Number of protein chains: 2
Amino acid sequence: MWVTSTCAASGKTDMIQSDMAPAVSIKEIAKLAGVSPATVSRAINDRKYVRPEVRQRILAVVKKTGYVPNYAARSMVLRRTFTVGIVVPDTFNMFQRQLFSTMERELEVYGYRTLFFFVKWERGSEQRCLRRLQAENLDGVIMIHEVADPAFYSYLSGGRLPVVLCPIAREDQGFYCVHIDEEKAARDATEYLISLGHKEIGLITGTHFSFPSQRSAGYKAALEGAGLAVDQRSIATVESYSADAGCRGMRELLSRGGSPSAVFAITDELAIGVVRALYEAGLDCPGDVSVLGFDDIDIAPFLAPGLTTVRQPIREMGRTTAELMFRLIAGEDCGGFSRVFPYELVVRESCRAPV
Amino acid sequence: MWVTSTCAASGKTDMIQSDMAPAVSIKEIAKLAGVSPATVSRAINDRKYVRPEVRQRILAVVKKTGYVPNYAARSMVLRRTFTVGIVVPDTFNMFQRQLFSTMERELEVYGYRTLFFFVKWERGSEQRCLRRLQAENLDGVIMIHEVADPAFYSYLSGGRLPVVLCPIAREDQGFYCVHIDEEKAARDATEYLISLGHKEIGLITGTHFSFPSQRSAGYKAALEGAGLAVDQRSIATVESYSADAGCRGMRELLSRGGSPSAVFAITDELAIGVVRALYEAGLDCPGDVSVLGFDDIDIAPFLAPGLTTVRQPIREMGRTTAELMFRLIAGEDCGGFSRVFPYELVVRESCRAPV
DNA sequence: GTGAAAGCGCTAACAC
DNA sequence: GTGTTAGCGCTTTCAC
């Protein structure tokens, strides 16, 4: 596949490279500094009861040798890993990306490292994730992804370790949850389209996970509230939440012969695809059809036209999730399971009154 | 910040939750199965010398108790972590995202777990990453990000562990590298614009990392090769490679009063921003200005107009990086440091002949 | 085939 | 203040 050179297979798959110097251990440091390992441990962990002069000497040796304590060994004896697992879909979208970036960042500030568990679409992936999750001896788990396997949730709800879900609403199952009111947000968004004068409003939604049904419910509630009929022919259900899926969903809607003057796509990436399908059909957004998204991902303002969408306060939600996790690990009483954030309709250019 | 409930601060930050049942250990399994820990170890690791009947008994207990061996303990004694670290910029773009997703996936197939090191913009972030990197006792490191700190590279080139860079060309420093010929790709892309008839071609580039200079060099080479002058007024240098930056870069170009009929943005996200700036200025892409990107990220085909761009074979590069890492860890001889992949100009709709 | 013992790198409890 | 000891959970000799 590559051009300039090839890789010679040797078959010695189990051989380990032998030319690698082993990392220095606390024992060597102790020997070099002329003290015991215990004293070195005390020195590097800022404990009391080390003579300043001895501490200096130890720290000097540490610096010179580039010694870094081994996490695995430390966590074994401490019986804590200082690690939080984040379960993410392998196909994470930009919204989720911003969310877990924020969490990772915050967690680092709290002194925790983050381990990602990417759940794939393949069969067995969830089980493997769960096994790894257990093998890692985590201090806590954050779920950014809804899994299908009930065993996953039952392990999590076993009370073995703190769990926070974001942006998922499952407080009824005894999990701490950080999210917005999805249904109400979708309803507000749809009502905005109605207020613009739209009567025939398409919906691009999906089936996986629980947010599509919540957002779809909001859409329907808005229509019904305005005395408009919910026409199944205006609703396209797609397999994923990507631009590709949105494109196919909109083509489908178009092929059915209806003529929606506006379309609500339940994610921004879906909305990008919708605009694309319109473009291919020679239709202009927002001139011919208004398009409304959901999430307010990074590039939403930089699309042409800028995408009108529902903003979830990603940073605040990520920060709160991390903070909650930290407090839960510390054993604090954190009150009720719900953290419901305010959302916001961000009006840009992709929606306008029908002609 | 949130609405429905609040979190009561208790101040007992160092207290650990005590109501969590400890995970079962190999000892309990041994006791329950009426054998020694050594035998349990043999059974779960598919070693020989365990009576089938005993193995069955042990496996049954393992299943019933949900026992999963502790990674940290295992890696301590094995002196291998089965973990590969991937160093990524905190602000990773969609191209990098696809790249590391592929790597993570492949690595999992090889039996390796992946640890991400997100390098932030803040001072000291690289050092902290390096320290963590060392503390993790990794089996290998993949760099998707160029760091500034020389200490980072000198640690990596110390031969302590296998290192692969992708998509970075630093084979001269003794690293295995997987990448395309950036300069030539940029040159080809620019020549494509020239072949369309464009004479005044703008460039949106940056300074961080080495790819912008390579891509810029290709741009200049193409212009010079065609006898066109390289006009500094047609070049905007931006701080990052996001849509936001691209938008600002294009506004800058526009404000300078020139009138490029085409613009080469050195990343697709930059290109998205360029199209946006054009839109804001009442200019149409590709009607008034052609826009060319680089990377061929997921959504490139779903933009309106579809983005003409240079495709890097992300999956193949990710796969090769993972495979190379695997073989390096296994101690195989992998030949030369370079793996240079073919790229491809993907012609879509954002570029056409000037009017 | 199986068990006992040693030890990976580290920290905490307990001497001194 | 500092060293000695024990032990975290696991795998791997080495006896038997």
# chains A, B, ... in the order shown; residues from 1 in each chain; ligands from 1
call {"tool": "interface_residues", "arguments": {"of": "chain A", "to": "chain C", "cutoff": "9 Å", "atoms": "only C-alpha atoms (C1' of nucleotides)", "output": "VMD selection string"}}
result
chain A and resid 25 to 27 37 to 38 41 to 42 69 to 78
call {"tool": "select_by_dssp", "arguments": {"residues": "segment 166-308 of chain A", "states": "strand (DSSP E or B)", "output": "ChimeraX atom specification"}}
result
/A:176-180,201-206,235-238,262-265,290-292,295,308
call {"tool": "write_last_selection", "arguments": {"atoms": "C-alpha atoms", "output": "mmCIF file, in the first residue's frame"}}
result
data_model
loop_
_atom_site.group_PDB
_atom_site.id
_atom_site.type_symbol
_atom_site.label_atom_id
_atom_site.label_comp_id
_atom_site.auth_asym_id
_atom_site.auth_seq_id
_atom_site.Cartn_x
_atom_site.Cartn_y
_atom_site.Cartn_z
ATOM 1 C CA TYR A 176 -26.809 10.864 38.204
ATOM 2 C CA CYS A 177 -27.752 12.558 34.941
ATOM 3 C CA VAL A 178 -26.727 15.811 33.326
ATOM 4 C CA HIS A 179 -28.841 16.917 30.392
ATOM 5 C CA ILE A 180 -31.352 19.390 28.999
ATOM 6 C CA ILE A 201 -42.610 20.813 8.528
ATOM 7 C CA GLY A 202 -40.488 17.774 7.840
ATOM 8 C CA LEU A 203 -38.645 15.792 10.506
ATOM 9 C CA ILE A 204 -35.441 13.833 10.159
ATOM 10 C CA THR A 205 -35.122 11.525 13.113
ATOM 11 C CA GLY A 206 -33.721 8.149 14.104
ATOM 12 C CA ILE A 235 -41.058 12.148 8.782
ATOM 13 C CA ALA A 236 -37.921 10.328 7.685
ATOM 14 C CA THR A 237 -36.310 7.868 10.069
ATOM 15 C CA VAL A 238 -32.635 7.270 9.430
ATOM 16 C CA ALA A 262 -39.146 23.643 6.645
ATOM 17 C CA VAL A 263 -37.298 20.645 8.049
ATOM 18 C CA PHE A 264 -36.283 19.900 11.596
ATOM 19 C CA ALA A 265 -33.243 17.638 11.741
ATOM 20 C CA SER A 290 -35.786 26.289 6.081
ATOM 21 C CA VAL A 291 -33.571 23.872 8.003
ATOM 22 C CA LEU A 292 -33.308 23.654 11.757
ATOM 23 C CA ASP A 295 -26.826 20.737 19.357
ATOM 24 C CA THR A 308 -30.275 27.854 13.211
#
call {"tool": "atom_distance", "arguments": {"atom1": "atom CA of Arg311 of chain A", "atom2": "atom CA of Gly225 of chain A"}}
result
22.8 Å
call {"tool": "closest_residue", "arguments": {"among": "A:Ser234, A:Thr83, A:Asn137, A:Ser195", "to": "chain D", "atoms": "only C-alpha atoms (C1' of nucleotides)"}}
result
A:Asn137
call {"tool": "interface_residues", "arguments": {"of": "chain A", "to": "chain D", "cutoff": "7 Å", "atoms": "only C-alpha atoms (C1' of nucleotides)", "output": "MDAnalysis selection string"}}
result
chainID A and resid 36 39 49:51 76:77
call {"tool": "closest_residue", "arguments": {"among": "B:Val230, B:Ile86, B:Val346, B:Leu196", "to": "chain A", "atoms": "only C-alpha atoms"}}
result
B:Ile86
call {"tool": "select_by_dssp", "arguments": {"residues": "segment 186-330 of chain A", "states": "helix (DSSP H, G or I)", "output": "number ranges by chain"}}
result
A: 186-195, 211-225, 232-234, 243-255, 268-280, 300-302, 314-329
call {"tool": "atom_distance", "arguments": {"atom1": "atom CA of Asp188 of chain B", "atom2": "atom CA of Met143 of chain B"}}
result
26.8 Å
call {"tool": "atom_distance", "arguments": {"atom1": "atom CA of Leu161 of chain A", "atom2": "atom CA of Thr320 of chain A"}}
result
18.0 Å
call {"tool": "closest_residue", "arguments": {"among": "B:Ala304, B:Val84, B:Met250, B:Val163", "to": "chain A", "atoms": "only C-alpha atoms"}}
result
B:Ala304
call {"tool": "residues_around", "arguments": {"residues": "Glu183 of chain B", "least_positions_apart": "5", "cutoff": "8 Å", "atoms": "only C-alpha atoms (C1' of nucleotides)", "output": "list in words"}}
result
Gln214, Arg215, Ser216, Ala217, Gly218 and Tyr219 of chain B
